[in-house]
Protein chains: 2
Amino acid sequence: MKFERCKYNPIIKASNFIPCNDKLKVLLSFNPGVTTYKGDVVLIARVAVLAKENKENTIGVPIYNPNTGDIDIKEFDKKDSSCDFSDPRLIRRGNDLYLTTLSYFALLTSKDGIHFKIKNKAFMIGDNDYESFGIEDPRITKINDYYYINYSGVSKDGICTMLARTKDFESVEKLGPIFMPDNKDVVIFPKKINKKYVAISRPESAYFKKPNMWMSYSKDLLSWGEHRIFLRLRENHFDSSRLGASCVPFVVKEGWLLIYHGATKNNVYTLGACLLDKNDPSIVLKRTKEPIMVPLTDYERNGFMPNVVFSCGCIKKGNNLYIYYGACDESICLASTKISNILDLLNNEEQCEK
Amino acid sequence: MKFERCKYNPIIKASNFIPCNDKLKVLLSFNPGVTTYKGDVVLIARVAVLAKENKENTIGVPIYNPNTGDIDIKEFDKKDSSCDFSDPRLIRRGNDLYLTTLSYFALLTSKDGIHFKIKNKAFMIGDNDYESFGIEDPRITKINDYYYINYSGVSKDGICTMLARTKDFESVEKLGPIFMPDNKDVVIFPKKINKKYVAISRPESAYFKKPNMWMSYSKDLLSWGEHRIFLRLRENHFDSSRLGASCVPFVVKEGWLLIYHGATKNNVYTLGACLLDKNDPSIVLKRTKEPIMVPLTDYERNGFMPNVVFSCGCIKKGNNLYIYYGACDESICLASTKISNILDLLNNEEQCEK
């Protein structure tokens with residue numbers, strides 16, 4: 001199974017952006033949502049910022065303040081032994097957790113899907129209690145006239161799944177939390193199945209620490225029910241420690257093709273695929289034993305979070321699949337393959353399991 | 001603020017029950033849901049069981065097996081240093097968590113609300129993937145002809161909120177998960193407010209470890225949305241470490257009266273009260289600074305989990321409020337007070353905050 005990397009990778013980097021606020025600098029840009037609009041490829045890119053200037057031996061974490069509407073800088077002393085800085089994404093102090101960066105979304109468009117222009121450097125920004133530590137990892141699903149954007153809202157209260165929608169990528173209507181903490185890696189199917197909208201989500205148990213993928217159903221995209229687990233972690237596989245939906249599923253002859261991500265204990269993030277029943281997508285027909293895409297290149301293996309390929313969206317053109325993905329939680333890359341390659345793998349009994 | 005303890009406390013004990021299965025013995029009975037039906041007081045009591053016989057130095061944990069429909073006994077060696085037995089409720093082994101007991105529900109009825117008969121020793125039992133470690137802490141809300149029973153379904157996949165309903169306390173219809181893991185301490189309001197059903201829940205963030213109380217809305221009791229936080233932990237208060245809804249809220253002149261529980265870091269569980277806006281119960285009008293009921297008696301202070309009073313339901317008769325509660329996660333007790341006593345406290349500015 002081969003994904004051809006775009007020769008211009010990374011196609012988007014932090015250095016392409018100016019920050020949304022002059023207190024900040026852009027450190028990373030990754031994990032974009034992707035769709036097409038009026039013939040253009042549209043990316044909603046996660047942009048991660050930190051304080052522009054730091055006092056010696058301090059880290060300045062930007063946090064949105066819902067009371068003032070400003071971004072405050074919270075300073076941490078790098079020598080403070082009560083703080084755990086071991087994960088580059090997080091700062092733990094006792095029972096308190098902070099993110100090292102604040103993320104928001106920029107809007108980019110492209111004619112060729114490779115060379116992008118920034119249309120709006122701050123298309124969406126966390127601006128409420130549920131988003132004060134930032135907004136992350138958008139997925140875009142077109143349903144009728146609307147592009148629905150779901151994303152993680154992070155705050156001291158946890159990680160919610162938030163929903164928003166736009167018709168024109170000019171104005172965005174935020175619709176609030178659709179799944180309570182902690183729940184992320186949500187994708188919404190592009191059409192109703194048996195008269196209901198369907199979403200995949202990945203709630204996380206505080207006690208049992210075994211995240212599974214769930215399917216939920218809705219009549220209006222706002223209230224969700226009929227929750228059920230449909231995909232679990234697998235021991236000794238690429239998805240032994242974590243897993244979650246990556247791309248919005250799309251229909252192929254055999255069912256719904258879902259590209260998802262898995263991670264091992266060592267935080268190696270890869271992509272896998274599964275085939276879901278066309279009429280009841282909570283039935284998993286096939287699932288790859290091995291990942292379909294793994295970190296291989298220098299920009300996928302060395303960076304802010306080493307050994308990470310993580311996708312929030314793809315584009316289908318005939319038999320070609322273009323995956324946009326974050327490499328090392330640092331930059332945005334593009335890789336392509338034939339959909340038939342994935343289906344061949346899913347149709348090969350030795351390569352699959354249920 | 002005084003709650004008068006029933007002189008027959010504990011009114012129900014483990015020794016009142018015979019187990020639902022001859023491999024098991026009853027260790028505890030606590031945290032009952034409560035309602036009235038045909039003039040009787042009805043309790044749905046949590047009954048916690050463990051293996052009847054254990055080999056020397058082993059603990060036998062009962063687990064429902066969804067594949068066989070049987071209850072299996074999983075044995076743990078008390079000397080196994082990879083296991084953490086420090087919490088009497090839990091066994092941790094690496095990333096795996098087990099409960100020391102399996103809970104199910106017995107049905108009891110009473111004419112006087114004090115002396116109860118067991119009508120069904122196994123009224124509801126965990127019998128699916130989401131309930132394999134047991135079912136816990138029911139709350140009962142009467143809506144039209146149905147008594148809705150929500151409860152925690154516990155399994156290796158986490159703690160879900162499950163919904164069921166009955167018209168007659170003979171047959172029960174299970175309706176499946178309504179909130180994904182981890183989410184417990186759910187109460188459903190007894191009537192629609194602004195044309196929607198309203199529920200309080202307590203999701204728990206795996207990362208941020210700050211459980212809050214949320215309010216959610218539904219048209220059909222099955223799909224829930226419009227989630228919002230309405231009550232948070234308070235530092236240096238009785239609800240500094242954990243909190244959650246206890247009793248189904250009821251209307252008083254000034255709004256909805258909600259009795260909830262709080263816990264400190266030391267796992268002292270007490271009851272507090274708050275007053276919610278009649279038309280928008282996500283607006284907290286008042287909240288007691290101090291608990292309204294604390295562990296005082298021997299049976300509330302010494303037992304399986306010391307210093308716990310935990311209620312899942314109460315009954316209102318005129319100005320009298322009868323609280324049924326679990327004492328020390330071990331037995332079922334009854335205490336009463338005047339509703340006007342709670343309202344006096346909530347109307348005393350020095351005793352309250354928003």
# chains A, B, ... in the order shown; residues from 1 in each chain; ligands from 1
call {"tool": "interface_residues", "arguments": {"of": "chain B", "to": "chain A", "cutoff": "7 Å", "atoms": "only C-alpha atoms", "output": "short mmCIF file (atom, residue, chain, number, x, y, z; two decimals) with N, CA and C atoms, in the first residue's frame"}}
result
data_model
loop_
_atom_site.label_atom_id
_atom_site.label_comp_id
_atom_site.auth_asym_id
_atom_site.auth_seq_id
_atom_site.Cartn_x
_atom_site.Cartn_y
_atom_site.Cartn_z
N ASN B 95 -3.25 -0.52 32.94
CA ASN B 95 -4.29 0.33 32.36
C ASN B 95 -5.69 -0.26 32.52
N ASP B 96 -5.78 -1.43 33.13
CA ASP B 96 -7.09 -2.07 33.27
C ASP B 96 -7.69 -1.75 34.63
N LEU B 97 -8.99 -1.54 34.62
CA LEU B 97 -9.71 -1.22 35.85
C LEU B 97 -10.87 -2.19 36.00
N LYS B 156 -15.86 -2.30 30.78
CA LYS B 156 -14.46 -1.96 30.52
C LYS B 156 -14.35 -0.75 29.59
N ASP B 157 -15.44 -0.40 28.91
CA ASP B 157 -15.44 0.74 28.00
C ASP B 157 -15.79 2.05 28.67
N GLY B 158 -16.08 2.02 29.97
CA GLY B 158 -16.36 3.26 30.67
C GLY B 158 -17.72 3.26 31.33
N GLY B 176 -31.22 1.95 26.05
CA GLY B 176 -29.83 2.12 25.60
C GLY B 176 -29.14 3.35 26.16
N PRO B 177 -27.89 3.58 25.71
CA PRO B 177 -27.10 4.70 26.23
C PRO B 177 -27.66 6.05 25.76
N ILE B 178 -27.81 6.99 26.67
CA ILE B 178 -28.16 8.36 26.27
C ILE B 178 -26.98 9.32 26.39
N MET B 180 -22.58 9.23 26.45
CA MET B 180 -21.38 8.40 26.27
C MET B 180 -20.41 8.57 27.44
N PRO B 181 -19.42 7.65 27.58
CA PRO B 181 -18.51 7.67 28.74
C PRO B 181 -17.63 8.92 28.78
N ASP B 182 -17.15 9.22 29.99
CA ASP B 182 -17.75 8.87 31.26
C ASP B 182 -18.80 9.92 31.59
N PRO B 203 -20.48 14.83 32.86
CA PRO B 203 -19.41 14.20 32.10
C PRO B 203 -18.08 14.44 32.81
N GLU B 204 -17.12 13.59 32.52
CA GLU B 204 -15.84 13.73 33.21
C GLU B 204 -14.70 13.71 32.19
N SER B 205 -13.91 14.76 32.20
CA SER B 205 -12.80 14.87 31.26
C SER B 205 -11.64 14.00 31.71
N ALA B 206 -11.17 13.15 30.79
CA ALA B 206 -10.02 12.29 31.09
C ALA B 206 -8.77 13.13 31.30
N TYR B 207 -8.67 14.24 30.60
CA TYR B 207 -7.45 15.05 30.67
C TYR B 207 -7.51 16.13 31.73
N PHE B 208 -8.67 16.81 31.80
CA PHE B 208 -8.71 18.02 32.61
C PHE B 208 -9.22 17.76 34.03
N LYS B 209 -9.81 16.58 34.25
CA LYS B 209 -10.12 16.10 35.59
C LYS B 209 -10.90 17.10 36.44
N LYS B 210 -11.76 17.88 35.83
CA LYS B 210 -12.57 18.85 36.57
C LYS B 210 -14.03 18.61 36.21
N SER B 218 -33.77 17.84 25.05
CA SER B 218 -34.20 16.78 24.14
C SER B 218 -35.67 16.91 23.79
N LEU B 222 -34.35 10.65 24.06
CA LEU B 222 -33.34 9.71 23.55
C LEU B 222 -32.14 10.43 22.93
N SER B 223 -32.40 11.50 22.21
CA SER B 223 -31.32 12.30 21.59
C SER B 223 -31.21 13.60 22.36
N TRP B 224 -29.99 13.94 22.75
CA TRP B 224 -29.77 15.11 23.61
C TRP B 224 -28.79 16.07 22.97
N GLY B 225 -29.06 17.37 23.15
CA GLY B 225 -28.17 18.38 22.58
C GLY B 225 -28.21 19.66 23.40
N GLU B 226 -27.73 20.75 22.79
CA GLU B 226 -27.67 22.07 23.44
C GLU B 226 -27.00 21.98 24.81
N HIS B 227 -25.95 21.20 24.87
CA HIS B 227 -25.25 20.96 26.13
C HIS B 227 -24.59 22.25 26.65
#
call {"tool": "select_by_dssp", "arguments": {"residues": "range 33-175 of chain A", "states": "strand (DSSP E)", "output": "NGL selection string"}}
result
:A and (33-37 or 40-51 or 58-64 or 71-77 or 83-84 or 90-93 or 96-99 or 102-110 or 117-124 or 134-143 or 146-155 or 158-166 or 173-175)
call {"tool": "residues_around", "arguments": {"residues": "Thr288 in chain A", "least_positions_apart": "6", "cutoff": "6 Å", "atoms": "only C-alpha atoms", "output": "ChimeraX atom specification"}}
result
/A:273,351-352
call {"tool": "atom_distance", "arguments": {"atom1": "CA of Tyr324 in chain B", "atom2": "CA of Glu350 in chain B"}}
result
28.3 Å
call {"tool": "closest_residue", "arguments": {"among": "B:His237, B:Glu300, B:Cys314, B:Tyr151", "to": "Leu258 in chain B", "atoms": "only C-alpha atoms"}}
result
B:Cys314
call {"tool": "closest_residue", "arguments": {"among": "A:Met162, A:Leu24, A:Met215, A:Val284", "to": "Gly60 in chain A", "atoms": "only C-alpha atoms"}}
result
A:Leu24
call {"tool": "atom_distance", "arguments": {"atom1": "CA of Thr297 in chain A", "atom2": "CA of Ile91 in chain A"}}
result
28.7 Å
call {"tool": "residues_around", "arguments": {"residues": "Lys23 in chain B", "least_positions_apart": "2", "cutoff": "8 Å", "atoms": "only C-alpha atoms", "output": "ChimeraX atom specification"}}
result
/B:21,25,51-53
call {"tool": "write_last_selection", "arguments": {"atoms": "C-alpha atoms", "output": "mmCIF file, in the first residue's frame"}}
result
data_model
loop_
_atom_site.group_PDB
_atom_site.id
_atom_site.type_symbol
_atom_site.label_atom_id
_atom_site.label_comp_id
_atom_site.auth_asym_id
_atom_site.auth_seq_id
_atom_site.Cartn_x
_atom_site.Cartn_y
_atom_site.Cartn_z
ATOM 1 C CA ASN B 21 -27.419 -16.047 41.546
ATOM 2 C CA LYS B 25 -23.196 -13.074 47.984
ATOM 3 C CA ALA B 51 -18.205 -14.066 44.593
ATOM 4 C CA LYS B 52 -19.672 -16.268 47.336
ATOM 5 C CA GLU B 53 -16.563 -18.296 47.841
#
call {"tool": "closest_residue", "arguments": {"among": "B:Ala327, B:Cys247, B:Leu346, B:Leu99", "to": "Lys13 in chain B", "atoms": "only C-alpha atoms"}}
result
B:Ala327
call {"tool": "closest_residue", "arguments": {"among": "B:Ala335, B:Val248, B:Leu50, B:Met1", "to": "Pro291 in chain B", "atoms": "only C-alpha atoms"}}
result
B:Met1
